[in-house]
Amino acid sequence: MIRVMLADDHAILREGIRAILSQEPDMQVVGEAENGQALLELLAVIPANVVLMDVNMPVLDGFATMGILRSRFPEVRVLVLSMLDHENYVYRMLQAGALGYVLKTSDTTEITYAIRTVAAGRQFLCTEIGLNLLYRSVQRPSAVPEATEALPAYSMALHRSDAIDLSGREMEVLKLIAEGLTNAEIAEQLFASKRTIETHRQNIIEKTQAKNTAALIRYAMSHGLIE
């Protein structure tokens, strides 16, 4: 069971996330906080595996909270859930210790998938952010050199000369991921369940050893799997 704690200053959003996660058999919301200070106080008495946290919060925002959280509760994994999609916010939160970053506009399938990924100790960027960062790095490779150098774990650290063997269905899923489709949209287009697409996506990530969506697409492009 993944014990999830929510930190966001909007009660209606916390209620919505709680309702979504209550439908997942392997997740349990164990606490809610309206700001970073309240989150730290809750973590001191209620153990959690994953914190789903906003960046922009009163009293103690996400950046300040991350610094304290990493020091006091190093075993807790943080997944950022925010409306802030600018790369500076993404880089700063990842540098501060967050394992993942998803937007509040992401669909429920991607959010739950991100929670499972982060809970397992793996890094995750939602499709929209991953593609934006990838396209920016391709179009203007010198645009964010310092942030890129500071986050080697999020770069494409694969040195194989040949691509791994993907099944025909995995190739279809990979190409649709590269087009920016969500798991739900891929499932609809391939006439499959979202759970099946999630499994294919996880298999692709494990086979390529990619750390996030951007790294996965970079791998696929460099090995001629997609154009």
# chains A, B, ... in the order shown; residues from 1 in each chain; ligands from 1
call {"tool": "residues_around", "arguments": {"residues": "stretch 19-27 of chain A", "least_positions_apart": "6", "cutoff": "12 Å", "atoms": "only C-alpha atoms", "output": "number ranges by chain"}}
result
A: 1-6, 12-13, 48-50, 52, 107-113, 115-116, 119, 195
call {"tool": "write_last_selection", "arguments": {"atoms": "N, CA, C and O atoms", "output": "mmCIF file, in the first residue's frame"}}
result
data_model
loop_
_atom_site.group_PDB
_atom_site.id
_atom_site.type_symbol
_atom_site.label_atom_id
_atom_site.label_comp_id
_atom_site.auth_asym_id
_atom_site.auth_seq_id
_atom_site.Cartn_x
_atom_site.Cartn_y
_atom_site.Cartn_z
ATOM 1 N N MET A 1 0.842 -1.197 0.000
ATOM 2 C CA MET A 1 0.000 0.000 0.000
ATOM 3 C C MET A 1 0.880 1.251 0.000
ATOM 4 O O MET A 1 1.771 1.393 0.826
ATOM 5 N N ILE A 2 0.624 2.147 -0.950
ATOM 6 C CA ILE A 2 1.359 3.407 -1.027
ATOM 7 C C ILE A 2 0.623 4.440 -0.182
ATOM 8 O O ILE A 2 -0.516 4.792 -0.472
ATOM 9 N N ARG A 3 1.297 4.920 0.853
ATOM 10 C CA ARG A 3 0.712 5.924 1.750
ATOM 11 C C ARG A 3 1.031 7.307 1.205
ATOM 12 O O ARG A 3 2.192 7.717 1.142
ATOM 13 N N VAL A 4 -0.012 8.022 0.803
ATOM 14 C CA VAL A 4 0.146 9.309 0.133
ATOM 15 C C VAL A 4 -0.319 10.439 1.045
ATOM 16 O O VAL A 4 -1.365 10.340 1.689
ATOM 17 N N MET A 5 0.465 11.520 1.085
ATOM 18 C CA MET A 5 0.068 12.710 1.820
ATOM 19 C C MET A 5 -0.053 13.871 0.829
ATOM 20 O O MET A 5 0.813 14.058 -0.030
ATOM 21 N N LEU A 6 -1.130 14.650 0.952
ATOM 22 C CA LEU A 6 -1.406 15.741 0.029
ATOM 23 C C LEU A 6 -1.063 17.081 0.658
ATOM 24 O O LEU A 6 -1.365 17.318 1.829
ATOM 25 N N ILE A 12 -10.587 22.097 -2.363
ATOM 26 C CA ILE A 12 -11.369 21.388 -3.373
ATOM 27 C C ILE A 12 -10.470 20.480 -4.218
ATOM 28 O O ILE A 12 -10.881 19.396 -4.629
ATOM 29 N N LEU A 13 -9.235 20.916 -4.464
ATOM 30 C CA LEU A 13 -8.313 20.069 -5.213
ATOM 31 C C LEU A 13 -7.910 18.852 -4.382
ATOM 32 O O LEU A 13 -7.839 17.739 -4.894
ATOM 33 N N ALA A 48 4.451 8.474 5.742
ATOM 34 C CA ALA A 48 3.958 8.478 4.362
ATOM 35 C C ALA A 48 5.074 8.021 3.427
ATOM 36 O O ALA A 48 6.256 8.213 3.726
ATOM 37 N N ASN A 49 4.698 7.419 2.315
ATOM 38 C CA ASN A 49 5.672 7.002 1.301
ATOM 39 C C ASN A 49 5.900 8.097 0.264
ATOM 40 O O ASN A 49 7.025 8.334 -0.158
ATOM 41 N N VAL A 50 4.780 8.734 -0.138
ATOM 42 C CA VAL A 50 4.847 9.744 -1.194
ATOM 43 C C VAL A 50 4.092 10.992 -0.750
ATOM 44 O O VAL A 50 2.983 10.900 -0.204
ATOM 45 N N LEU A 52 2.426 14.323 -2.321
ATOM 46 C CA LEU A 52 1.967 14.977 -3.544
ATOM 47 C C LEU A 52 1.798 16.447 -3.188
ATOM 48 O O LEU A 52 0.865 16.820 -2.472
ATOM 49 N N ASP A 107 -4.080 13.936 -16.852
ATOM 50 C CA ASP A 107 -5.246 13.097 -16.572
ATOM 51 C C ASP A 107 -4.968 12.201 -15.366
ATOM 52 O O ASP A 107 -3.832 12.053 -14.918
ATOM 53 N N THR A 108 -6.014 11.634 -14.832
ATOM 54 C CA THR A 108 -5.901 10.850 -13.599
ATOM 55 C C THR A 108 -4.997 9.633 -13.773
ATOM 56 O O THR A 108 -4.288 9.244 -12.839
ATOM 57 N N THR A 109 -5.007 9.056 -14.957
ATOM 58 C CA THR A 109 -4.163 7.884 -15.201
ATOM 59 C C THR A 109 -2.694 8.248 -15.081
ATOM 60 O O THR A 109 -1.898 7.501 -14.490
ATOM 61 N N GLU A 110 -2.310 9.397 -15.631
ATOM 62 C CA GLU A 110 -0.914 9.803 -15.567
ATOM 63 C C GLU A 110 -0.511 10.153 -14.134
ATOM 64 O O GLU A 110 0.611 9.855 -13.702
ATOM 65 N N ILE A 111 -1.405 10.754 -13.383
ATOM 66 C CA ILE A 111 -1.093 11.110 -11.994
ATOM 67 C C ILE A 111 -0.893 9.860 -11.145
ATOM 68 O O ILE A 111 0.072 9.763 -10.377
ATOM 69 N N THR A 112 -1.792 8.893 -11.269
ATOM 70 C CA THR A 112 -1.640 7.665 -10.476
ATOM 71 C C THR A 112 -0.412 6.883 -10.913
ATOM 72 O O THR A 112 0.284 6.284 -10.087
ATOM 73 N N TYR A 113 -0.136 6.895 -12.215
ATOM 74 C CA TYR A 113 1.072 6.238 -12.716
ATOM 75 C C TYR A 113 2.315 6.914 -12.152
ATOM 76 O O TYR A 113 3.285 6.252 -11.759
ATOM 77 N N ILE A 115 2.563 8.534 -9.317
ATOM 78 C CA ILE A 115 2.685 8.196 -7.894
ATOM 79 C C ILE A 115 3.344 6.833 -7.730
ATOM 80 O O ILE A 115 4.247 6.655 -6.898
ATOM 81 N N ARG A 116 2.910 5.862 -8.514
ATOM 82 C CA ARG A 116 3.507 4.517 -8.420
ATOM 83 C C ARG A 116 4.983 4.544 -8.817
ATOM 84 O O ARG A 116 5.814 3.860 -8.205
ATOM 85 N N ALA A 119 6.942 6.267 -6.016
ATOM 86 C CA ALA A 119 6.953 5.390 -4.837
ATOM 87 C C ALA A 119 7.980 4.276 -4.994
ATOM 88 O O ALA A 119 8.567 3.817 -4.008
ATOM 89 N N ARG A 195 -5.194 0.557 -18.303
ATOM 90 C CA ARG A 195 -4.270 -0.278 -17.527
ATOM 91 C C ARG A 195 -3.307 -1.023 -18.442
ATOM 92 O O ARG A 195 -2.112 -1.153 -18.148
#
call {"tool": "select_by_dssp", "arguments": {"residues": "stretch 19-185 of chain A", "states": "strand (DSSP E or B)", "output": "PyMOL selection string"}}
result
chain A and resi 27-33+50-53+77-82+100-103+124-125
call {"tool": "atom_distance", "arguments": {"atom1": "atom CA of A:Val51", "atom2": "atom CA of A:Ile217"}}
result
27.3 Å
call {"tool": "atom_distance", "arguments": {"atom1": "atom CA of A:Glu170", "atom2": "atom CA of A:Ile204"}}
result
6.7 Å
call {"tool": "residues_around", "arguments": {"residues": "stretch 122-126 of chain A", "least_positions_apart": "5", "cutoff": "8 Å", "atoms": "only C-alpha atoms", "output": "list in words"}}
result
Leu99, Gly100, Tyr101, Val102, Leu103, Ser106, Glu110, Ala114, Thr117, Tyr154, Lys211, Asn212, Thr213 and Ala214 of chain A
call {"tool": "write_last_selection", "arguments": {"atoms": "C-alpha atoms", "output": "short mmCIF file (atom, residue, chain, number, x, y, z; two decimals), in the first residue's frame"}}
result
data_model
loop_
_atom_site.label_atom_id
_atom_site.label_comp_id
_atom_site.auth_asym_id
_atom_site.auth_seq_id
_atom_site.Cartn_x
_atom_site.Cartn_y
_atom_site.Cartn_z
CA LEU A 99 11.51 12.75 -7.81
CA GLY A 100 8.75 13.80 -10.16
CA TYR A 101 6.72 16.68 -11.55
CA VAL A 102 3.21 16.51 -13.00
CA LEU A 103 0.79 19.25 -13.99
CA SER A 106 -2.62 15.83 -16.38
CA GLU A 110 -0.91 9.80 -15.57
CA ALA A 114 3.42 8.99 -11.55
CA THR A 117 6.68 5.41 -10.31
CA TYR A 154 17.45 13.29 -16.02
CA LYS A 211 14.33 8.02 -16.57
CA ASN A 212 11.38 10.00 -17.94
CA THR A 213 9.33 10.65 -21.06
CA ALA A 214 11.82 13.09 -22.54
#
